[in-house]
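Encoded as structure tokens, the structure appears first; notes follow it.
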Amino acid sequence: MNTVAVEGKIRAFREQFQRVRDEISRVIVGNEEIISGVMTCLLARGHVLLEGIPGVGKTKLVQTMADVLHLKFSRIQFTPDLMPGDIIGTNIVREDEAGRKSFDFQPGPIFANIVLADEINRATPKTQSALLEAMQENSVSAAGRTHALDQPFFVLATQNPIELEGTYPLPEAQMDRFFFKLKLDFPDVEQLHLIIDRTTRQKEPAVQRVLQQGQILDMRETARAIPVARPVQEYAIRVTLATHPESNQAHEMAKKYVRFGSSPRGTQALILGAKVHALMNDRVYVSCEDVRAVALPALRHRVLLNFEAEAQRMDSDAILARILEWVPEATA
Amino acid sequence: MIIGVLRELGRRLWINRATREAAFALCSILFCLVCFQLIEPAVIASVPSIGTAMRIALFVAFVAVTVEVAKRSARGVSTRQAAAEADARAHLKDELKSAHWFLAEMEISPFAEMQVQRAAATAARLDLADLAPRKLSAHAFAAGGLGLLLAGLVWLTPQLSRSWDFNPEAGPAVYRESADLRMLLKDAPRDAAIEKLDLALRRLQQTDATAGEKGRARADARDAIDQANMEAAAAREGLARLAEALKSNPKFESVAQALNQGRVDDALALLRKLNADPAAASAREDPAIEPADKGSAPESNLGLALESAGRDLNSNNAAVNQDALNRVINTLEQANERIEVQNRVNSVRRRMDDNLVVTSQRSQLTASQFDTRSNVPNPTPSPETGSSNMRGGTLFRQATVAREENDSAREGSQTGDASGDSAALPLEGTATGRLDAQLKRETIPRKDDMGEEPNGTGDPGWFYSASREQKSTLQIENGRARASYDREDAITHDRVPVRQKSIVKNYFLNLHESEKE
């Protein structure tokens, strides 16, 4: 591959990325960063956890994205009585014309390219783990057989941060499986006007499918090919280590408020997300600025706070912001 | 392309860093010197021995700073560092840093190759003069400012140090003055007081002596001068008693007259002539006649020795007479020497008092605080300085005190100073009334020559009486307690209390105006 081909791939990546974003923006008001974050997760082979109060457009965003991408979409509404088999699928007894009976695997809703796990914290941990296993392995096991999931396999889970009764908060280990955790804020006045204008008329805006499955896989390959210089990689590692209270490179706030720091998956998320971010900004290398840009969604759910932080209403975003200000860029 | 640009940038950065480091070191050194220049007089005044230690510590710190700066400046700027610096200064978002790393460390992939190409184009567009301009840093300007400040401080040091009672420029002057004073003692008869005075002057001459050591040397010098004056006073008193004893003997009448008139050399010559007389010589050669007090211990007190010898001289015993004559001659020679010593040390004293003008200009309560004339007649008329030869008055009983009829034989040497340094001028001005003691010229009425004015030829019929309890004209509100005086002293710029200033100033102004009149 020569540089001209590389140039073409990069240009195509940016154009396709921009087209998806523009198309989603026709329905979703504001939240450009959220849209970019979701796309980043998709292109970095990750899954995303969307957190926001009810009615801010979490589910709508995912639905719109599924409409824009020419992919198979399924939605699972998580409830306490949801069973793993309801997600993965189950073997059913099927009788053929000869009267012979056999088990036949009936795939569940997880067998799709884009899976919306709505209100994931309402299902029992058993059901949650079934989904999370599939997210990690990109395959499911049922009745002794492993079934590979079609690529791209992209899970978008949503959860409500204010409603805790009757919920099963995700364990830290399972939270780590999510590439990004994106927070949807309440829209401002202008955005509310736009939302009302778009959704209370006779005809809601429609979107077009602008990206095929193959194109998405190509974009994934392109993103992975972006080189990272060692100083930038070192910066990402320093940021990760700064969240570890027991590390000698830990930030003072991490020592005071953090119970457990980010896992190596966090560093992977930093680098992969930074690669996509670099491509989105027409760069073929990763800079420390790209790392900083994706640090909050990549690490906020991987930094576990202690009781003191909760007592002082300190959230991980504030700690990470201080760490990002504090960690110096590698000079050589 | 990238490496070449980065090398050039690294060279510029190194030059800038070396300049900045050197300027910082210079700035630090100058700052320390300025601080040292400011605090040195005060510190040395309080702890004299710390001066050398401070200088050594300062020198060690300078050496350490210089070595550290040299080490830091010696390290060059690598191309990696230059790339990082270029990224930071030109806001290139790690473009050159990444490209440099890809070139050096990584197998070039198509993406990396493309990035290197883009970085090369970016590097070609870089304006190195803008990225690393060759201009002086803020430290260099600070160093220049501190250097100017230091130069100003060095130039102003004499004026500043005056307030700390420390004047380095006075050192050479004091050295010259001390050397001149020692020259005055060069041919003087060797005496304990002379030795002590010479030692004190030698200490004053030492350039590395501290202010405290010099003060102690001055005090020693004054002690030696006082001692010499006391001894000379005793000698003069003895001469007077000798003259009294010899006056009744017609043989020694001329000697007594010479002694009364202070002509000790003439008296010695007359006595030597009598000693060489053949009759006396024959008596001296008679071995049968023993001296009356042969073997007796010599008198340690010169006055008593002279008196004793005078009494023996009037004895009818020829041997005793001859022996007494010899003793009188010897003792007279000693007395003459002491008087000579007194003259020398008083010369030194007068010169020292003149030299004190330099000190008095920095001292409190001095006339020269308001007058820069060097020949101020009353340089330091205060008990602190010990000077008292003041026209019209004296703080101490320093005049020759004539013995009254009812006085004991030793009265004269115990109550007065025989230096005769008190001027017989009337008091001048009203402001001089603040002095605690004044001299009053008094005439001694005698039966034979009542009212006769002293003419220097006969017995002195007058003397200065020192008032012991002269009421001070200083008002009570001006006579501050010592503690508050010190406090006020500390807060005024010229070290004279505000409330005392007008009084002191008027005192000396009146004094000088009286002189002009």
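Simple scheme: letters A, B, ... for chains in structure tokens order, numbers from 1 for residues in each chain, numbers from 1 for ligands in the order shown.
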Long-range neighbours of Val286 (chain A) as number ranges by chain, 12 Å cut-off, only C-alpha atoms, 4 positions minimum in chain
A: 223-236, 270-282, 290-294; B: 92-99, 102, 111-112, 115
Counting only C-alpha atoms, what is within 10 Å of Phe260 (chain A), bar same-chain residues fewer than 6 positions away, as a PyMOL selection string?
chain A and resi 172+243-246+254+302-306
Identify all residues of region 106-287 of chain A in strand (DSSP E) (DSSP on the backbone) and supply them as an mmCIF file with C-alpha atoms, in the first residue's frame.
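The resulting file, result_14.cif, is shown below:
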```cif
data_model
loop_
_atom_site.group_PDB
_atom_site.id
_atom_site.type_symbol
_atom_site.label_atom_id
_atom_site.label_comp_id
_atom_site.auth_asym_id
_atom_site.auth_seq_id
_atom_site.Cartn_x
_atom_site.Cartn_y
_atom_site.Cartn_z
ATOM 1 C CA GLN A 106 -33.082 -20.459 17.887
ATOM 2 C CA PRO A 107 -30.812 -17.363 17.961
ATOM 3 C CA ILE A 114 -26.191 -3.474 16.685
ATOM 4 C CA VAL A 115 -27.785 -4.495 19.944
ATOM 5 C CA LEU A 116 -29.522 -1.983 22.127
ATOM 6 C CA ALA A 117 -29.510 -3.204 25.721
ATOM 7 C CA ASP A 118 -32.018 -0.770 27.113
ATOM 8 C CA SER A 139 -19.590 -15.340 20.462
ATOM 9 C CA VAL A 140 -22.206 -17.141 22.515
ATOM 10 C CA SER A 141 -22.408 -20.683 23.816
ATOM 11 C CA ALA A 142 -25.658 -22.540 23.901
ATOM 12 C CA ARG A 145 -22.139 -25.197 20.874
ATOM 13 C CA THR A 146 -20.425 -21.928 20.282
ATOM 14 C CA HIS A 147 -22.049 -19.549 17.918
ATOM 15 C CA ALA A 148 -19.969 -16.745 16.492
ATOM 16 C CA PHE A 154 -21.798 -3.508 18.644
ATOM 17 C CA VAL A 155 -23.678 -3.283 21.918
ATOM 18 C CA LEU A 156 -25.121 -0.039 23.126
ATOM 19 C CA ALA A 157 -26.311 -0.302 26.679
ATOM 20 C CA THR A 158 -28.220 2.388 28.446
ATOM 21 C CA GLN A 159 -28.777 2.948 32.106
ATOM 22 C CA PHE A 180 -16.646 4.084 26.501
ATOM 23 C CA LYS A 181 -19.112 5.343 29.008
ATOM 24 C CA LEU A 182 -20.909 8.338 27.566
ATOM 25 C CA LYS A 183 -23.031 10.683 29.596
ATOM 26 C CA LEU A 184 -25.936 12.428 27.966
ATOM 27 C CA VAL A 258 -9.610 6.341 44.179
ATOM 28 C CA ARG A 259 -10.082 2.767 45.365
ATOM 29 C CA PHE A 260 -8.983 1.061 42.162
#
```
Give me the residues of chain B that have any atom at most 12 Å from an atom of chain A; for each, the nearest atom pair and the distance in Å, rounded to one decimal. Use only C-alpha atoms, sort by chain and number, and format it as CSV.
```
residue,atom,partner,partner_atom,distance
B:Val77,CA,A:Ala332,CA,10.9
B:Ser78,CA,A:Ala332,CA,8.8
B:Thr79,CA,A:Ala332,CA,8.8
B:Arg80,CA,A:Ala332,CA,5.1
B:Gln81,CA,A:Ala332,CA,5.7
B:Ala82,CA,A:Thr331,CA,8.8
B:Ala83,CA,A:Thr331,CA,8.1
B:Ala84,CA,A:Thr331,CA,5.1
B:Glu85,CA,A:Thr331,CA,7.6
B:Ala86,CA,A:Thr331,CA,10.4
B:Asp87,CA,A:Thr331,CA,9.6
B:Ala88,CA,A:Thr331,CA,9.4
B:His91,CA,A:Glu289,CA,10.7
B:Leu92,CA,A:Ser287,CA,9.3
B:Lys93,CA,A:Ser287,CA,5.8
B:Asp94,CA,A:Ser287,CA,5.4
B:Glu95,CA,A:Ser287,CA,7.4
B:Leu96,CA,A:Ser287,CA,10.3
B:Lys97,CA,A:Ala332,CA,7.5
B:Ser98,CA,A:Ala229,CA,5.1
B:Ala99,CA,A:Ala229,CA,7.9
B:His100,CA,A:Ala229,CA,8.8
B:Trp101,CA,A:Ala229,CA,6.0
B:Phe102,CA,A:Ala229,CA,6.6
B:Leu103,CA,A:Ala229,CA,10.1
B:Ala104,CA,A:Ala229,CA,10.4
B:Glu105,CA,A:Arg230,CA,8.7
B:Met106,CA,A:Ala229,CA,8.4
B:Glu107,CA,A:Pro227,CA,10.3
B:Ile108,CA,A:Pro227,CA,9.3
B:Ser109,CA,A:Pro227,CA,8.0
B:Pro110,CA,A:Thr3,CA,5.9
B:Phe111,CA,A:Val284,CA,6.2
B:Ala112,CA,A:Pro227,CA,6.1
B:Glu113,CA,A:Thr3,CA,7.3
B:Met114,CA,A:Thr3,CA,5.7
B:Gln115,CA,A:Val284,CA,5.8
B:Val116,CA,A:Val284,CA,9.5
B:Gln117,CA,A:Thr3,CA,9.3
B:Arg118,CA,A:Val284,CA,9.2
B:Ala119,CA,A:Tyr285,CA,10.4
```
Gap from CA of Leu156 (chain B) to CA of Cys32 (chain B) - Å, one decimal
17.4 Å
One-decimal distance in Å that lies between CA of Gln63 (chain A) and CA of Gln212 (chain A):
16.1 Å
Could you pull out the helix (DSSP H, G or I) residues of region 40-188 of chain A from DSSP and send them as a PyMOL selection string?
chain A and resi 40-43+58-68+84-88+120-122+125-137+172-175
Take the residues from that selection and put them in a file with C-alpha atoms, as a short mmCIF file (atom, residue, chain, number, x, y, z; two decimals), in the first residue's frame.
```
data_model
loop_
_atom_site.label_atom_id
_atom_site.label_comp_id
_atom_site.auth_asym_id
_atom_site.auth_seq_id
_atom_site.Cartn_x
_atom_site.Cartn_y
_atom_site.Cartn_z
CA THR A 40 -15.55 5.80 17.86
CA CYS A 41 -16.63 2.78 19.86
CA LEU A 42 -18.10 1.18 16.79
CA LEU A 43 -14.90 1.72 14.79
CA LYS A 58 -30.45 7.55 24.56
CA THR A 59 -32.63 5.02 22.87
CA LYS A 60 -33.43 7.37 20.02
CA LEU A 61 -29.76 7.83 19.35
CA VAL A 62 -29.18 4.13 19.09
CA GLN A 63 -32.20 3.62 16.91
CA THR A 64 -31.14 6.40 14.61
CA MET A 65 -27.68 4.98 14.39
CA ALA A 66 -29.06 1.60 13.46
CA ASP A 67 -31.12 3.26 10.76
CA VAL A 68 -28.12 5.12 9.39
CA PRO A 84 -30.12 -15.27 29.55
CA GLY A 85 -31.89 -17.45 27.06
CA ASP A 86 -34.07 -14.52 26.12
CA ILE A 87 -30.91 -12.77 24.96
CA ILE A 88 -28.74 -15.52 23.61
CA ILE A 120 -29.25 -2.87 31.31
CA ASN A 121 -29.17 -2.37 35.06
CA ARG A 122 -32.73 -3.61 35.43
CA PRO A 125 -26.66 -10.12 37.14
CA LYS A 126 -27.08 -13.54 35.56
CA THR A 127 -28.68 -12.05 32.51
CA GLN A 128 -26.27 -9.14 32.44
CA SER A 129 -23.32 -11.50 32.47
CA ALA A 130 -24.73 -13.42 29.53
CA LEU A 131 -24.70 -10.25 27.49
CA LEU A 132 -21.33 -9.14 28.76
CA GLU A 133 -19.78 -12.49 27.92
CA ALA A 134 -20.97 -12.12 24.39
CA MET A 135 -19.57 -8.60 24.26
CA GLN A 136 -16.17 -9.82 25.32
CA GLU A 137 -15.97 -13.00 23.29
CA GLU A 172 -16.98 -3.09 38.18
CA ALA A 173 -15.57 -6.00 36.21
CA GLN A 174 -18.46 -5.87 33.82
CA MET A 175 -18.32 -2.12 33.52
#
```
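Considering only C-alpha atoms, the residue among B:Asp323, B:Glu68, B:Asp208, B:Glu21 positioned nearest to Thr52 (chain B) is B:Asp208.
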In Å and to one decimal, CA of Val341 (chain B) is distant from CA of Ala188 (chain B) by 6.4 Å
